[in-house]
$ cat start_22.txt   # compact mmCIF, C-alpha atoms
# COMPACT_ATOMS: atom_id res chain seq x y z
CA MET A 1 -23.20 -17.58 3.27
CA LEU A 2 -22.61 -15.35 0.20
CA SER A 3 -26.23 -15.62 -0.95
CA LYS A 4 -27.37 -14.31 2.43
CA VAL A 5 -24.94 -11.39 2.16
CA LEU A 6 -26.08 -10.49 -1.36
CA MET A 7 -29.73 -10.37 -0.24
CA ASN A 8 -28.84 -7.11 1.54
CA TYR A 9 -28.10 -5.37 -1.76
CA ASP A 10 -30.21 -4.26 -4.71
CA PHE A 11 -28.08 -4.61 -7.84
CA GLY A 12 -31.02 -4.15 -10.22
CA GLU A 13 -30.28 -7.52 -11.83
CA ASN A 14 -29.10 -10.96 -10.85
CA VAL A 15 -25.55 -11.87 -9.89
CA ASP A 16 -24.35 -14.21 -12.62
CA THR A 17 -20.90 -15.26 -11.34
CA ILE A 18 -18.89 -15.00 -8.13
CA GLU A 19 -15.11 -15.38 -8.33
CA LYS A 20 -12.82 -15.54 -5.31
CA LEU A 21 -9.84 -13.23 -5.77
CA ASP A 22 -6.43 -14.25 -4.47
CA GLY A 23 -3.48 -11.99 -3.73
CA GLY A 24 -4.47 -10.17 -0.56
CA ASN A 25 -2.96 -11.29 2.74
CA ILE A 26 -5.76 -10.10 5.02
CA ASN A 27 -9.39 -9.74 3.83
CA PHE A 28 -11.57 -12.13 1.81
CA THR A 29 -12.42 -10.71 -1.61
CA TYR A 30 -14.76 -11.75 -4.43
CA ALA A 31 -15.57 -10.36 -7.89
CA LEU A 32 -19.28 -10.22 -8.70
CA THR A 33 -20.48 -10.12 -12.30
CA LEU A 34 -24.13 -9.31 -12.98
CA THR A 35 -26.14 -10.80 -15.85
CA GLY A 36 -25.73 -7.55 -17.79
CA GLY A 37 -21.94 -7.60 -17.36
CA LYS A 38 -21.58 -4.95 -14.67
CA LYS A 39 -19.07 -5.84 -11.95
CA TYR A 40 -18.68 -5.20 -8.23
CA ILE A 41 -16.18 -6.19 -5.55
CA LEU A 42 -17.54 -8.00 -2.48
CA GLN A 43 -15.26 -8.12 0.55
CA ARG A 44 -15.42 -9.54 4.05
CA ILE A 45 -13.34 -7.67 6.60
CA ASN A 46 -11.04 -10.03 8.50
CA GLU A 47 -12.14 -9.53 12.10
CA GLU A 48 -9.10 -11.44 13.37
CA VAL A 49 -7.01 -8.52 12.12
CA PHE A 50 -9.53 -5.68 12.41
CA ARG A 51 -11.22 -6.34 15.74
CA ARG A 52 -13.50 -3.31 15.32
CA PRO A 53 -14.55 -3.48 11.65
CA LYS A 54 -17.21 -0.79 12.03
CA GLU A 55 -14.40 1.65 12.91
CA VAL A 56 -12.58 0.61 9.72
CA MET A 57 -15.66 1.60 7.73
CA ALA A 58 -16.11 4.84 9.69
CA ASN A 59 -12.53 5.80 8.78
CA PHE A 60 -13.12 4.98 5.13
CA LEU A 61 -16.21 7.18 4.96
CA ALA A 62 -14.47 10.05 6.77
CA VAL A 63 -11.52 9.96 4.33
CA LYS A 64 -13.89 9.69 1.37
CA ARG A 65 -15.78 12.79 2.56
CA ALA A 66 -12.54 14.71 3.09
CA PHE A 67 -11.52 13.90 -0.49
CA SER A 68 -14.92 14.99 -1.81
CA ASP A 69 -14.46 18.39 -0.17
CA LYS A 70 -11.39 19.07 -2.32
CA SER A 71 -11.45 20.65 -5.77
CA PRO A 72 -10.47 18.56 -8.84
CA GLU A 73 -7.13 20.39 -8.93
CA GLU A 74 -6.48 19.55 -5.29
CA ARG A 75 -7.32 15.88 -5.92
CA ALA A 76 -4.65 15.53 -8.63
CA LEU A 77 -1.19 14.02 -8.59
CA PHE A 78 1.03 16.80 -7.25
CA TYR A 79 4.18 17.95 -9.00
CA PRO A 80 6.47 20.74 -7.77
CA GLU A 81 5.94 23.98 -9.69
CA ARG A 82 9.14 23.46 -11.68
CA GLU A 83 7.66 20.25 -13.15
CA ALA A 84 3.91 20.92 -13.16
CA LYS A 85 3.59 22.65 -16.55
CA GLU A 86 5.12 19.65 -18.31
CA LYS A 87 2.65 17.17 -16.84
CA THR A 88 -0.98 16.23 -17.39
CA LEU A 89 -3.57 16.66 -14.64
CA ASP A 90 -4.08 13.14 -13.28
CA LYS A 91 -6.99 12.77 -10.90
CA ILE A 92 -6.70 10.71 -7.71
CA ALA A 93 -9.86 8.80 -6.84
CA LEU A 94 -10.98 6.52 -4.02
CA PRO A 95 -13.27 3.51 -4.52
CA ASP A 96 -17.04 3.99 -4.21
CA ILE A 97 -19.04 2.04 -1.65
CA LYS A 98 -22.40 0.58 -2.67
CA LEU A 99 -24.98 1.07 0.07
CA THR A 100 -27.24 -1.74 1.23
CA LYS A 101 -31.02 -1.72 0.70
CA TYR A 102 -31.19 -0.03 4.07
CA GLY A 103 -28.77 2.77 3.26
CA GLU A 104 -25.86 1.33 5.24
CA PRO A 105 -22.22 1.24 3.98
CA PHE A 106 -21.79 -2.36 5.12
CA SER A 107 -23.87 -5.40 5.95
CA ILE A 108 -23.61 -7.94 8.77
CA SER A 109 -24.22 -11.61 8.15
CA GLU A 110 -23.56 -14.25 10.81
CA SER A 111 -21.54 -11.67 12.79
CA ARG A 112 -19.28 -10.99 9.80
CA VAL A 113 -18.94 -7.51 8.29
CA TRP A 114 -19.20 -7.27 4.51
CA ARG A 115 -18.98 -4.38 2.05
CA VAL A 116 -19.42 -3.92 -1.69
CA PHE A 117 -17.25 -1.61 -3.81
CA SER A 118 -17.88 -0.42 -7.33
CA PHE A 119 -15.55 -2.21 -9.72
CA VAL A 120 -12.75 0.04 -11.02
CA LYS A 121 -12.22 -0.60 -14.72
CA SER A 122 -8.47 -0.43 -14.99
CA HIS A 123 -5.22 -2.04 -15.99
CA LYS A 124 -4.64 -2.81 -12.30
CA ASN A 125 -1.05 -1.68 -11.71
CA ASN A 126 -0.18 -2.18 -15.39
CA PRO A 127 -1.44 0.98 -17.10
CA CYS A 128 -1.11 2.05 -20.69
CA PHE A 129 0.30 5.58 -20.79
CA SER A 130 1.77 7.49 -23.70
CA ALA A 131 5.51 8.10 -23.52
CA GLU A 132 4.84 11.80 -24.07
CA LYS A 133 2.91 11.84 -20.82
CA VAL A 134 5.35 10.00 -18.60
CA CYS A 135 8.74 11.01 -19.92
CA GLY A 136 8.05 14.09 -22.04
CA LYS A 137 9.51 12.60 -25.21
CA ASN A 138 7.13 12.27 -28.11
CA CYS A 139 8.36 8.92 -29.39
CA GLY A 140 4.87 7.49 -29.75
CA ALA A 141 5.64 4.53 -27.54
CA ILE A 142 3.01 2.82 -25.41
CA PHE A 143 3.67 1.22 -22.04
CA THR A 144 1.88 -2.01 -21.15
CA GLY A 145 1.99 -4.25 -18.13
CA SER A 146 4.51 -7.02 -17.72
CA GLY A 147 2.38 -8.80 -15.13
CA SER A 148 4.94 -8.19 -12.40
CA GLY A 149 4.00 -4.68 -11.37
CA VAL A 150 6.30 -2.87 -13.82
CA LEU A 151 5.91 -1.29 -17.24
CA VAL A 152 7.41 -2.50 -20.46
CA CYS A 153 7.73 -0.29 -23.53
CA GLU A 154 6.17 -2.00 -26.55
CA ARG A 155 8.66 -0.33 -28.85
CA SER A 156 11.67 -0.83 -26.53
CA MET A 157 12.81 2.69 -27.31
CA PRO A 158 15.86 3.99 -25.41
CA CYS A 159 14.13 7.14 -24.18
CA CYS A 160 11.53 5.17 -22.22
CA PRO A 161 12.07 4.82 -18.45
CA GLU A 162 10.31 1.41 -18.41
CA LYS A 163 10.26 0.03 -14.85
CA SER A 164 10.80 3.35 -13.12
CA VAL A 165 7.62 4.83 -14.61
CA ILE A 166 5.18 2.80 -12.55
CA THR A 167 7.34 3.21 -9.46
CA GLU A 168 7.46 6.99 -9.66
CA LEU A 169 3.72 7.19 -10.32
CA THR A 170 3.03 4.92 -7.36
CA GLY A 171 5.18 7.04 -5.05
CA ARG A 172 3.62 10.24 -6.37
CA ALA A 173 0.10 8.90 -5.86
CA PHE A 174 0.70 8.01 -2.21
CA GLY A 175 2.64 11.22 -1.54
CA SER A 176 -0.21 13.20 -3.10
CA PHE A 177 -2.68 11.25 -0.95
CA VAL A 178 -0.88 12.51 2.17
CA ARG A 179 -0.75 16.03 0.77
CA ILE A 180 -4.46 16.12 -0.07
CA LEU A 181 -5.45 15.11 3.45
CA ASP A 182 -2.74 17.10 5.25
CA ASP A 183 -4.98 19.99 6.32
CA SER A 184 -8.09 17.89 6.97
CA ARG A 185 -7.39 16.88 10.61
CA ILE A 186 -10.47 14.68 10.54
CA PRO A 187 -10.98 12.34 13.53
CA LEU A 188 -9.97 8.78 12.68
CA TYR A 189 -10.01 5.62 14.75
CA ASP A 190 -6.74 3.86 15.52
CA VAL A 191 -8.00 0.58 14.03
CA ILE A 192 -4.75 -1.31 14.71
CA GLU A 193 -2.73 0.12 17.56
CA ASN A 194 0.97 0.53 16.77
CA PHE A 195 0.40 -0.78 13.25
CA HIS A 196 3.80 0.60 12.26
CA CYS A 197 5.99 0.66 15.37
CA PRO A 198 9.06 -1.49 14.68
CA LYS A 199 10.39 -1.66 18.24
CA LYS A 200 7.02 -2.85 19.56
CA ARG A 201 6.72 -5.37 16.72
CA MET A 202 10.15 -6.72 17.72
CA LYS A 203 9.10 -6.93 21.36
CA ALA A 204 5.96 -8.83 20.36
CA LEU A 205 8.07 -11.26 18.32
CA PHE A 206 10.33 -12.07 21.26
CA GLU A 207 7.29 -12.65 23.46
CA SER A 208 6.08 -15.22 20.90
CA VAL A 209 9.52 -16.82 20.90
CA LYS A 210 9.12 -17.56 24.62
CA ASN A 211 5.89 -19.46 24.06
CA ALA A 212 6.38 -21.02 20.61
CA PRO A 213 6.58 -24.80 20.05
CA GLU A 214 10.13 -26.15 19.98
CA ASP A 215 9.75 -27.62 16.51
CA ARG A 216 8.99 -24.16 15.10
CA ILE A 217 11.77 -22.47 17.06
CA SER A 218 14.28 -25.01 15.72
CA LYS A 219 13.42 -24.05 12.14
CA CYS A 220 14.10 -20.35 12.63
CA SER A 221 16.71 -20.02 15.40
CA ASP A 222 19.15 -18.41 12.95
CA LEU A 223 16.51 -15.88 11.94
CA ILE A 224 15.73 -15.02 15.55
CA LYS A 225 19.43 -14.41 16.18
CA LYS A 226 19.76 -12.12 13.15
CA LEU A 227 16.71 -10.11 14.15
CA SER A 228 18.07 -9.79 17.69
CA SER A 229 21.23 -8.24 16.26
CA GLU A 230 19.11 -5.49 14.66
CA ALA A 231 17.41 -4.52 17.92
CA GLU A 232 19.58 -1.45 18.58
CA PHE A 233 19.06 -0.08 15.06
CA VAL A 234 15.30 -0.65 15.34
CA GLU A 235 15.12 1.05 18.76
CA THR A 236 17.16 4.07 17.63
CA MET A 237 15.27 4.65 14.38
CA THR A 238 11.83 4.09 15.91
CA ASN A 239 12.56 6.71 18.56
CA LYS A 240 13.87 9.15 15.95
CA ILE A 241 10.85 8.78 13.66
CA GLU A 242 8.31 8.96 16.45
CA ARG A 243 9.69 12.29 17.67
CA SER A 244 7.98 13.84 14.63
CA PHE A 245 4.24 14.47 14.40
CA LYS A 246 1.56 12.24 12.93
CA ARG A 247 -0.17 12.80 9.62
CA ILE A 248 -2.97 10.93 7.86
CA VAL A 249 -1.15 8.26 5.86
CA HIS A 250 -2.26 5.24 3.86
CA ASN A 251 0.01 2.82 5.82
CA ASP A 252 0.06 0.25 3.00
CA ALA A 253 1.56 2.34 0.20
CA LYS A 254 2.48 -0.42 -2.22
CA THR A 255 2.05 -0.87 -5.96
CA ASP A 256 -0.76 -3.42 -5.55
CA ASN A 257 -2.94 -0.73 -3.99
CA ILE A 258 -2.88 1.56 -7.02
CA LEU A 259 -5.24 1.15 -10.00
CA PHE A 260 -4.72 3.12 -13.22
CA SER A 261 -7.58 3.96 -15.57
CA GLU A 262 -7.77 2.43 -18.99
CA ARG A 263 -6.50 4.55 -21.84
CA GLY A 264 -9.16 6.99 -22.94
CA GLU A 265 -10.75 7.61 -19.52
CA ARG A 266 -10.16 11.29 -18.93
CA VAL A 267 -10.51 13.79 -16.10
CA ASP A 268 -12.94 16.60 -16.95
CA SER A 269 -10.92 19.49 -15.58
CA SER A 270 -7.82 21.58 -16.06
CA ASP A 271 -5.77 23.77 -13.74
CA ALA A 272 -4.08 27.14 -13.47
CA CYS A 273 -0.92 25.78 -15.09
CA GLY A 274 -2.88 25.02 -18.23
CA ARG A 275 -2.14 21.31 -17.96
CA LYS A 276 -4.08 18.90 -20.16
CA THR A 277 -6.49 16.54 -18.47
CA GLY A 278 -5.09 13.09 -17.78
CA ASN A 279 -5.96 9.66 -16.44
CA THR A 280 -7.50 8.53 -13.17
CA VAL A 281 -5.37 6.95 -10.45
CA THR A 282 -7.45 5.08 -7.87
CA ILE A 283 -5.98 4.35 -4.43
CA ILE A 284 -7.52 1.27 -2.83
CA ASP A 285 -7.29 -0.74 0.40
CA LEU A 286 -7.80 2.12 2.84
CA ASP A 287 -8.36 -0.11 5.88
CA THR A 288 -5.16 1.01 7.60
CA THR A 289 -5.50 4.69 6.68
CA MET A 290 -5.17 6.57 9.95
CA TYR A 291 -2.79 8.92 11.72
CA GLY A 292 0.78 7.68 11.52
CA TYR A 293 4.32 8.66 10.67
CA LEU A 294 5.31 9.72 7.19
CA ALA A 295 8.64 7.86 7.21
CA TYR A 296 6.92 4.53 7.94
CA ASP A 297 4.49 5.09 5.07
CA PHE A 298 7.32 5.98 2.69
CA GLY A 299 9.50 3.11 3.92
CA ASP A 300 6.81 0.49 3.45
CA GLY A 301 5.98 1.75 -0.03
CA ALA A 302 9.62 1.86 -1.11
CA ARG A 303 10.29 -1.57 0.40
CA SER A 304 7.49 -3.02 -1.70
CA ALA A 305 8.00 -1.07 -4.93
CA CYS A 306 11.80 -1.41 -5.10
CA SER A 307 12.15 -5.10 -4.27
CA MET A 308 13.20 -7.15 -7.27
CA THR A 309 11.41 -10.30 -6.10
CA LYS A 310 8.06 -11.32 -4.70
CA GLU A 311 7.53 -11.18 -0.94
CA ASP A 312 7.92 -14.94 -0.48
CA GLU A 313 10.92 -15.61 -2.73
CA THR A 314 12.62 -18.83 -1.66
CA ASP A 315 15.90 -18.23 -3.54
CA LEU A 316 17.47 -15.56 -1.34
CA SER A 317 20.28 -15.00 -3.85
CA LYS A 318 17.69 -13.26 -6.03
CA VAL A 319 16.51 -10.87 -3.32
CA ALA A 320 17.64 -7.32 -4.07
CA PHE A 321 16.62 -3.70 -3.58
CA SER A 322 16.82 -1.55 -6.71
CA ARG A 323 18.61 1.82 -6.45
CA GLU A 324 16.99 3.01 -9.70
CA LEU A 325 13.48 2.13 -8.57
CA PHE A 326 14.14 3.75 -5.20
CA LYS A 327 15.23 6.91 -6.98
CA ALA A 328 11.96 6.88 -8.90
CA TYR A 329 9.80 6.17 -5.84
CA ALA A 330 11.52 8.86 -3.78
CA LYS A 331 11.15 11.38 -6.59
CA GLY A 332 7.43 10.65 -6.75
CA TYR A 333 6.56 10.38 -3.05
CA ILE A 334 8.81 13.08 -1.62
CA GLY A 335 8.34 15.31 -4.67
CA ALA A 336 4.58 15.21 -4.14
CA LEU A 337 5.16 16.56 -0.61
CA ASP A 338 7.30 19.51 -1.73
CA GLY A 339 6.71 22.30 0.80
CA VAL A 340 4.93 19.92 3.20
CA ILE A 341 7.52 17.39 4.34
CA CYS A 342 9.88 18.65 7.05
CA GLN A 343 13.64 18.05 7.12
CA GLY A 344 13.46 15.58 10.00
CA GLU A 345 10.88 13.46 8.18
CA LYS A 346 12.98 13.54 5.02
CA GLU A 347 16.10 12.39 6.88
CA SER A 348 14.13 9.54 8.47
CA CYS A 349 13.01 8.37 5.02
CA VAL A 350 16.64 7.41 4.32
CA TYR A 351 16.54 4.51 6.78
CA ALA A 352 12.82 3.72 6.66
CA PRO A 353 12.89 1.01 3.93
CA LYS A 354 15.39 -1.09 5.91
CA LEU A 355 13.50 -0.47 9.14
CA ILE A 356 10.16 -1.55 7.68
CA ALA A 357 11.70 -4.61 6.02
CA ILE A 358 12.95 -5.68 9.47
CA GLU A 359 9.58 -4.88 11.03
CA LEU A 360 7.79 -7.00 8.44
CA ALA A 361 10.26 -9.85 8.90
CA ALA A 362 9.45 -9.74 12.63
CA ARG A 363 5.70 -9.72 11.92
CA PHE A 364 5.90 -12.65 9.51
CA LEU A 365 8.07 -14.65 11.91
CA LYS A 366 5.80 -13.93 14.86
CA ASP A 367 2.80 -15.10 12.85
CA TYR A 368 4.63 -18.29 11.90
CA LEU A 369 5.47 -18.97 15.55
CA ASP A 370 1.87 -18.21 16.58
CA GLY A 371 0.44 -20.68 14.06
CA ASN A 372 -0.32 -18.40 11.08
CA LYS A 373 -3.27 -16.52 12.59
CA TYR A 374 -2.80 -13.10 10.95
CA PHE A 375 -1.50 -13.36 7.37
CA SER A 376 -3.16 -15.71 4.89
CA VAL A 377 -0.89 -18.57 3.86
CA CYS A 378 -0.94 -21.14 1.07
CA TYR A 379 1.32 -23.56 2.93
CA GLU A 380 2.42 -24.01 6.55
CA GLU A 381 5.85 -22.38 6.34
CA GLN A 382 5.00 -19.49 4.00
CA ASN A 383 5.29 -16.89 6.75
CA LEU A 384 8.72 -18.27 7.65
CA VAL A 385 9.75 -17.96 4.00
CA ARG A 386 8.40 -14.41 3.92
CA ALA A 387 10.37 -13.52 7.05
CA ARG A 388 13.63 -14.82 5.56
CA CYS A 389 12.98 -12.90 2.35
CA GLN A 390 12.34 -9.61 4.16
CA LEU A 391 15.42 -9.96 6.33
CA ALA A 392 17.52 -10.66 3.22
CA LEU A 393 16.00 -7.56 1.65
CA SER A 394 16.93 -5.46 4.70
CA GLU A 395 20.52 -6.69 4.43
CA ASP A 396 20.71 -5.67 0.77
CA ILE A 397 19.23 -2.27 1.60
CA SER A 398 21.85 -1.83 4.31
CA GLU A 399 24.65 -2.32 1.79
CA LYS A 400 23.18 0.47 -0.37
CA GLN A 401 22.34 2.84 2.50
CA GLU A 402 24.74 5.63 1.49
CA ASP A 403 23.33 5.68 -2.05
CA LEU A 404 19.79 5.85 -0.67
CA LYS A 405 20.77 8.76 1.57
CA ASN A 406 22.12 10.72 -1.41
CA ILE A 407 18.98 10.01 -3.41
CA VAL A 408 16.55 11.12 -0.69
CA LEU A 409 18.42 14.29 0.21
CA SER A 410 18.69 15.28 -3.45
CA VAL A 411 14.92 15.26 -4.04

$ encode --input "start_22.txt" --output "structure tokens"
Amino acid sequence: MLSKVLMNYDFGENVDTIEKLDGGNINFTYALTLTGGKKYILQRINEEVFRRPKEVMANFLAVKRAFSDKSPEERALFYPEREAKEKTLDKIALPDIKLTKYGEPFSISESRVWRVFSFVKSHKNNPCFSAEKVCGKNCGAIFTGSGSGVLVCERSMPCCPEKSVITELTGRAFGSFVRILDDSRIPLYDVIENFHCPKKRMKALFESVKNAPEDRISKCSDLIKKLSSEAEFVETMTNKIERSFKRIVHNDAKTDNILFSERGERVDSSDACGRKTGNTVTIIDLDTTMYGYLAYDFGDGARSACSMTKEDETDLSKVAFSRELFKAYAKGYIGALDGVICQGEKESCVYAPKLIAIELAARFLKDYLDGNKYFSVCYEEQNLVRARCQLALSEDISEKQEDLKNIVLSV
């Protein structure tokens, strides 16, 4: 299969190794290494999730063109004027698509849609940044990745913000992404209808409950009851959020979808504030980028970035939502939208992390009841475990709701 796909591309040299990459829940991804060492990413779009994969690619190209129309200053991480002079000019980039031999952005093999991206040389979500850059204190410290999506200061100096650094940068990258595209109004396909619509996701879950096998229902009856008790909250908040207008949003604004350049890769530009050039931040996984609601985008990103455990943690006593990381994410995301975000959207961001955690719990549970057709799983009950984890996270968020409100409204 893969050899047939690769015949559609001219890499200029032979493909030496193909490595399957784990971690994503949806698409099928491989790392290609050529004989000369150059790398590419090969990916098959999951047509069970994206029923119209050509529309996914059309959206990607439209967003890529809209980005290209912006100046280097406009494509940078945005800071409010009061902060901008103290920061470097960090460029936001999107991945490059390699065209086929026939000039197409994707290839079709045995009715499957494949695409090839240029490999982004990076520290994934574990960048090395100087402390002077991220916290303004010239202590000479260097941040390196811990392997869990957070930064650790090599010198363990008290002035270093450690975990909050990556979280703020992630929020600022996705907030800046929305800001950059805010005036584009480009036509985009709705590749997954109601992708973020918690009340409809809950309704879909309860439809699956009616038809699910008894043995599966018996394993999650307590979870179904707990989700049912959240129905009024979900209905109220969904209606409130969807009274606002739609913007172009990423819709999967989590830490895993940000790549930071290696130290030494610089942006060849400067801006009116006289800021020094900085690093490159690449936003990936644009498949769900389409028109949606800002609060959902923020809520999903905060839910992911501020959780203290992995998404399928089995020990629910460990599941927690970090106030400090939320403060950092909100500062980055909402701060990047200074002058763009309206008051109603900002107020909705207060409750969005809990709402999206419940929505995701409903989605995971539905998929478990349906036989694990949507999310990739490593074992039969993984989606059930994920659902329990997300519901536990929503409960912890609920206990901290007043603190989250104060944080959001203070940005």

$ atom_distance --input "start_22.txt" --atom1 "CA of Asn211 in chain A" --atom2 "CA of Leu369 in chain A"
8.5 Å

$ closest_residue --input "start_22.txt" --among "A:Gly339, A:Gly332, A:Pro53, A:Pro72" --to "Leu169 in chain A" --atoms "only C-alpha atoms"
A:Gly332

$ closest_residue --input "start_22.txt" --among "A:Ile284, A:Leu360, A:Ile180, A:Val15" --to "Met202 in chain A" --atoms "only C-alpha atoms"
A:Leu360

$ residues_around --input "start_22.txt" --residues "range 309-311 of chain A" --least-positions-apart "4" --cutoff "9 Å" --atoms "only C-alpha atoms" --output "PyMOL selection string"
chain A and resi 148+304+318-321+385-387+389-390

$ closest_residue --input "start_22.txt" --among "A:Leu294, A:Leu365, A:Ala31, A:Val116" --to "Phe11 in chain A" --atoms "only C-alpha atoms"
A:Val116

$ closest_residue --input "start_22.txt" --among "A:Leu205, A:Lys240, A:Val408, A:Ile108" --to "Gly344 in chain A" --atoms "all atoms listed in the file"
A:Lys240

$ axis_aligned_box --input "start_22.txt" --around "range 59-78 of chain A" --padding-each-side "4 Å" --output "lines of an AutoDock Vina configuration file"
center_x = -7.6
center_y = 12.8
center_z = -0.1
size_x = 25.2
size_y = 23.7
size_z = 25.7

$ closest_residue --input "start_22.txt" --among "A:Phe177, A:Tyr293, A:Trp114, A:Tyr329" --to "Ala66 in chain A" --atoms "all atoms listed in the file"
A:Phe177

$ closest_residue --input "start_22.txt" --among "A:Arg323, A:Lys39, A:Arg44, A:Arg179" --to "Asn27 in chain A" --atoms "all atoms listed in the file"
A:Arg44

$ atom_distance --input "start_22.txt" --atom1 "CA of Glu381 in chain A" --atom2 "CA of Ser218 in chain A"
12.9 Å

$ atom_distance --input "start_22.txt" --atom1 "CA of Phe119 in chain A" --atom2 "CA of Tyr40 in chain A"
4.6 Å

$ residues_around --input "start_22.txt" --residues "Leu94 in chain A" --least-positions-apart "6" --cutoff "9 Å" --atoms "all atoms listed in the file" --output "PyMOL selection string"
chain A and resi 64+67+281-284+286

$ residues_around --input "start_22.txt" --residues "Met57 in chain A" --least-positions-apart "4" --cutoff "8 Å" --atoms "only C-alpha atoms" --output "list of chain:residue names"
A:Pro53, A:Leu61, A:Pro105, A:Phe106, A:Asp287
